[in-house]
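First up is the structure itself, then whatever we jot down about it.
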Amino acid sequence: MGRKTSAKKSVTESLETLGLKRAISYMDKDPEVNIPKVLNWIDKVGGVEEQAKACREGFENKDSNWYKLIMSFWSDVDDGIRKAIFENFIVNATILGGKRRNKFREKENCSIPWAILMDPTSACNLHCLGCWAAEYGNKLNMTLEELNSIINQGKTMGVYMYIYSGGEPLVRKKDIIKLCEMHPDCQFLAFTNGTLIDEAFADDMLRVKNFVPAFSIEGFEEATDFRRGKGTYQAVVKAMETLKRKKLVYGISCCYTSRNTETIGSDEFIDSMVELGAKFAWFFTYMPVGRDAVPELIATPEQREYMYHKIREFRSTKPIFMMDFWNDGEYVNGCIAGGKDYLHINANGDIEPCAFIHYSDSNIREKTLLEAFKSPLFMAYHNNQPFNNNHLRPCPMFDNPEMLKMIVEQTGAVSTDMQAPEDVNDLIAKTLPAAEKWAPVADRLWECSHACIACNAGCRK
């Protein structure tokens, strides 16, 4: 009986896969007419009803930014790239992978992430102000075989989204392209400073089709070069222009600090990125991690609130997809780390709950991914999330530092900083003042947000 049920499920999944992958060809025939029909169908089979509904409602208004963004994938993007993104990101990573991840979560009673963030190398060709990665030099690397093993293990559990960070991941550009070739069913993304992208690498991207970069940029030339070095901004713009010319997809990754928040949150900056061809933007707030951290770069509560309002405004006015990994906690039930939606594996193989939280009790060279997901550290995340009932205070390090202290001390997790291991008490001493200042602002915004939902208004008081 069990084999028959398994076989039936396998056939059902295969039919769903075939139908979903044919949908892209159907949309290509007449995007304006057929996209809403496909979104209706995804409502029924995909388990992503809210996302499909939001896209459909936005698409119905031809003057809306969402209509412009969606249609730009037919005017600006290579046909093969668009097909690969739909199949790998929408079908494999989100819909079918989501069903498999849910089964594993129920069976193993632990978190299974949507995406795995991993560092191929600690090497970097820049030395950005306040960045911990530059401390490590080129000493740490995961082999191609180790990276491949992580992906194979993840796919078994339904993980088809892999993100590279570092160091500068494109120091390993040949291996990154090789992994794209080895796993054509996965979607790969890299946070990159962009300075190593040239014509040859862009051609490789066009060939493999399943790799998308997110350029780290701090604003315009002055702000970017202040933190990343003279000439970096112009190098990034050149890379963007190259990818746009070849009809490749890319986005931006913006860290807002006390020095650049008003620039990053300006219409002028976002409009310039849209004009250059960016399709998405990830926003992070500065985290004072590592020996070379600069706490003075932490955004003020007023600046963080400014970004809270601006990104919500831009979502209804700019043809670019945006996400703020702190201020959008209300949409994802708080913190997404610890395997809930993602985790981080550094270049030494240490499996960490987050790219910003450098503590671990597992290493990929000693444990399988599933064993790590069941380790004391990851189970502490699993059992304590959300870390605050106010999801605008999601982070256990930055918003609820007492939670990180409790988790590290109770689980015996150790610092993974290779240069200067950081005691958790020293780390949270840098974040506690910011947490205390943000708390009343976040509580006001949270109360207002829920009041707005109740009365269907959009207050910003």
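Every chain in the structure tokens takes a letter, A first, then B, and so on in the order presented; its residues are numbered from 1, and the ligands are numbered from 1 following the presented order.
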
**Q.** All residues 8 Å or closer to Ile197 in chain A, only C-alpha atoms, same chain fewer than 3 positions away omitted, as an MDAnalysis selection string
**A.** chainID A and resid 170 194 201:202 239

Closest atom pairs, range 284-394 of chain A residues within 12 Å of range 146-153 of chain A, only C-alpha atoms, as a Markdown table:
```
| residue | atom | partner | partner_atom | distance |
| --- | --- | --- | --- | --- |
| A:His344 | CA | A:Ile150 | CA | 11.5 |
| A:Ile345 | CA | A:Ile150 | CA | 9.5 |
| A:Asn346 | CA | A:Leu147 | CA | 11.0 |
| A:Ala347 | CA | A:Leu147 | CA | 10.0 |
| A:Asn348 | CA | A:Glu146 | CA | 10.7 |
| A:Gly349 | CA | A:Glu146 | CA | 8.6 |
| A:Ile351 | CA | A:Ile150 | CA | 10.9 |
| A:Asn363 | CA | A:Glu146 | CA | 11.4 |
| A:Ile364 | CA | A:Ile150 | CA | 7.9 |
| A:Arg365 | CA | A:Glu146 | CA | 8.1 |
| A:Glu366 | CA | A:Glu146 | CA | 11.5 |
| A:Lys367 | CA | A:Ile150 | CA | 10.9 |
| A:Thr368 | CA | A:Gln153 | CA | 7.8 |
| A:Leu369 | CA | A:Gln153 | CA | 6.9 |
| A:Leu370 | CA | A:Gln153 | CA | 8.4 |
| A:Glu371 | CA | A:Gln153 | CA | 11.2 |
| A:Ala372 | CA | A:Gln153 | CA | 11.9 |
```

Q.
So that I can check the surroundings of range 415-424 of chain A, please list as number ranges by chain every protein, DNA and RNA residue that reaches within 8 Å of it, counting only C-alpha atoms and ignoring chain neighbours fewer than 4 positions away.
A. A: 135-136, 290-291, 350, 358-360, 404-405, 408, 428

Q: Write out as a PyMOL selection string the residues lying within 6 Å of range 248-257 of chain A, counting only C-alpha atoms and excluding same-chain residues fewer than 3 positions away.
A: chain A and resi 77+212-218+243-244+260-261+278-286+297-299

**Q.** Close residues, range 91-99 of chain A itself excluded, 6 Å, only C-alpha atoms, min 3 positions apart in chain, as an MDAnalysis selection string
**A.** chainID A and resid 46 87:88 102 158 160:161

Output of the above residues as a compact mmCIF listing (two decimals), in the first residue's frame, restricted to C-alpha atoms:
```txt
# COMPACT_ATOMS: atom_id res chain seq x y z
CA GLY A 46 1.05 25.81 -5.95
CA GLU A 87 11.19 26.78 -13.79
CA ASN A 88 13.88 26.93 -11.10
CA ASN A 102 6.98 20.60 4.37
CA GLY A 158 13.39 20.30 -1.45
CA TYR A 160 16.57 24.46 -4.91
CA MET A 161 17.65 28.02 -4.08
```

Q. What is the CA of Ser449 in chain A-CA of Pro288 in chain A distance in Å, reported with one decimal?
A. 28.5 Å

Pull the strand (DSSP E or B) assignments for range 145-182 of chain A out of DSSP run on the backbone, and list those residues as a JSON list (two decimals) with N, CA and C atoms, in the first residue's frame.
```json
[["chain", "number", "residue", "atom", "x", "y", "z"],
["A", 161, "MET", "N", 17.17, 26.64, -4.01],
["A", 161, "MET", "CA", 17.65, 28.02, -4.08],
["A", 161, "MET", "C", 18.96, 28.11, -3.32],
["A", 162, "TYR", "N", 20.05, 28.54, -4.01],
["A", 162, "TYR", "CA", 21.38, 28.63, -3.40],
["A", 162, "TYR", "C", 21.96, 30.00, -3.66],
["A", 163, "ILE", "N", 22.44, 30.61, -2.58],
["A", 163, "ILE", "CA", 22.94, 31.99, -2.64],
["A", 163, "ILE", "C", 24.39, 32.00, -2.17],
["A", 164, "TYR", "N", 25.24, 32.68, -2.92],
["A", 164, "TYR", "CA", 26.65, 32.78, -2.57],
["A", 164, "TYR", "C", 26.94, 34.14, -1.94]]
```

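Note that DSSP on the backbone gives alpha helix (DSSP H) to these residues of range 66-137 of chain A: Trp66, Tyr67, Lys68, Leu69, Ile70, Met71, Ser72, Phe73, Trp74, Ser75, Asp79, Gly80, Ile81, Arg82, Lys83, Ala84, Ile85, Gly97, Gly98, Lys99, Arg100, Arg101, Asn102, Lys103, Phe104, Arg105, Glu106, Lys107 and Glu108 of chain A.
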
Output for the residues just chosen: N, CA, C and O atoms as a short mmCIF file (atom, residue, chain, number, x, y, z; two decimals), in the first residue's frame:
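Result went into part.cif, see below:
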```
data_model
loop_
_atom_site.label_atom_id
_atom_site.label_comp_id
_atom_site.auth_asym_id
_atom_site.auth_seq_id
_atom_site.Cartn_x
_atom_site.Cartn_y
_atom_site.Cartn_z
N TRP A 66 3.62 47.10 -10.84
CA TRP A 66 3.73 45.64 -10.93
C TRP A 66 3.52 45.16 -12.35
O TRP A 66 4.19 44.23 -12.81
N TYR A 67 2.59 45.78 -13.06
CA TYR A 67 2.38 45.44 -14.47
C TYR A 67 3.66 45.72 -15.26
O TYR A 67 4.12 44.90 -16.07
N LYS A 68 4.26 46.88 -15.01
CA LYS A 68 5.48 47.26 -15.73
C LYS A 68 6.63 46.30 -15.41
O LYS A 68 7.39 45.91 -16.30
N LEU A 69 6.75 45.91 -14.13
CA LEU A 69 7.83 45.00 -13.74
C LEU A 69 7.65 43.64 -14.39
O LEU A 69 8.59 43.09 -14.98
N ILE A 70 6.45 43.08 -14.31
CA ILE A 70 6.21 41.75 -14.88
C ILE A 70 6.43 41.75 -16.39
O ILE A 70 7.11 40.88 -16.94
N MET A 71 5.90 42.76 -17.06
CA MET A 71 6.03 42.80 -18.52
C MET A 71 7.47 43.06 -18.95
O MET A 71 7.87 42.68 -20.06
N SER A 72 8.28 43.66 -18.07
CA SER A 72 9.68 43.91 -18.43
C SER A 72 10.45 42.60 -18.59
O SER A 72 11.49 42.57 -19.27
N PHE A 73 9.96 41.50 -17.99
CA PHE A 73 10.62 40.22 -18.17
C PHE A 73 10.42 39.68 -19.58
O PHE A 73 11.13 38.78 -20.01
N TRP A 74 9.47 40.25 -20.32
CA TRP A 74 9.30 39.86 -21.73
C TRP A 74 9.97 40.85 -22.67
O TRP A 74 10.33 40.49 -23.78
N SER A 75 10.19 42.08 -22.23
CA SER A 75 10.83 43.06 -23.10
C SER A 75 12.34 43.16 -22.86
O SER A 75 13.10 43.44 -23.80
N ASP A 79 14.91 35.07 -23.56
CA ASP A 79 13.86 34.05 -23.43
C ASP A 79 14.31 32.86 -22.58
O ASP A 79 13.56 32.35 -21.75
N GLY A 80 15.53 32.40 -22.79
CA GLY A 80 16.04 31.25 -22.04
C GLY A 80 16.23 31.57 -20.58
O GLY A 80 15.98 30.72 -19.71
N ILE A 81 16.67 32.78 -20.26
CA ILE A 81 16.84 33.20 -18.87
C ILE A 81 15.48 33.25 -18.18
O ILE A 81 15.33 32.77 -17.05
N ARG A 82 14.49 33.84 -18.85
CA ARG A 82 13.15 33.93 -18.26
C ARG A 82 12.58 32.55 -17.99
O ARG A 82 12.00 32.28 -16.93
N LYS A 83 12.76 31.63 -18.91
CA LYS A 83 12.26 30.26 -18.75
C LYS A 83 12.95 29.57 -17.56
O LYS A 83 12.30 28.91 -16.74
N ALA A 84 14.28 29.75 -17.45
CA ALA A 84 15.02 29.11 -16.36
C ALA A 84 14.59 29.66 -15.00
O ALA A 84 14.44 28.91 -14.03
N ILE A 85 14.39 30.98 -14.91
CA ILE A 85 13.96 31.58 -13.65
C ILE A 85 12.59 31.06 -13.26
O ILE A 85 12.33 30.73 -12.09
N GLY A 97 9.36 22.35 -4.50
CA GLY A 97 10.30 22.25 -3.39
C GLY A 97 9.62 22.52 -2.06
O GLY A 97 9.95 21.89 -1.05
N GLY A 98 8.67 23.46 -2.05
CA GLY A 98 7.95 23.78 -0.83
C GLY A 98 7.18 22.58 -0.29
O GLY A 98 7.15 22.35 0.93
N LYS A 99 6.58 21.83 -1.16
CA LYS A 99 5.84 20.64 -0.73
C LYS A 99 6.78 19.60 -0.13
O LYS A 99 6.47 18.98 0.90
N ARG A 100 7.94 19.43 -0.74
CA ARG A 100 8.90 18.45 -0.23
C ARG A 100 9.47 18.91 1.11
O ARG A 100 9.65 18.12 2.04
N ARG A 101 9.76 20.21 1.23
CA ARG A 101 10.28 20.73 2.50
C ARG A 101 9.28 20.54 3.63
O ARG A 101 9.65 20.19 4.75
N ASN A 102 8.01 20.77 3.33
CA ASN A 102 6.98 20.60 4.37
C ASN A 102 6.91 19.16 4.85
O ASN A 102 6.72 18.90 6.05
N LYS A 103 7.08 18.21 3.95
CA LYS A 103 7.07 16.80 4.34
C LYS A 103 8.24 16.49 5.27
O LYS A 103 8.08 15.79 6.28
N PHE A 104 9.41 17.02 4.93
CA PHE A 104 10.58 16.78 5.77
C PHE A 104 10.41 17.46 7.13
O PHE A 104 10.81 16.91 8.16
N ARG A 105 9.84 18.66 7.16
CA ARG A 105 9.62 19.36 8.42
C ARG A 105 8.73 18.53 9.35
O ARG A 105 8.99 18.41 10.54
N GLU A 106 7.66 17.99 8.79
CA GLU A 106 6.73 17.19 9.59
C GLU A 106 7.39 15.90 10.06
O GLU A 106 7.23 15.49 11.22
N LYS A 107 8.13 15.26 9.18
CA LYS A 107 8.75 13.98 9.52
C LYS A 107 9.87 14.14 10.53
O LYS A 107 9.98 13.36 11.48
N GLU A 108 10.72 15.16 10.36
CA GLU A 108 11.92 15.31 11.18
C GLU A 108 11.74 16.27 12.35
O GLU A 108 12.61 16.36 13.22
#
```
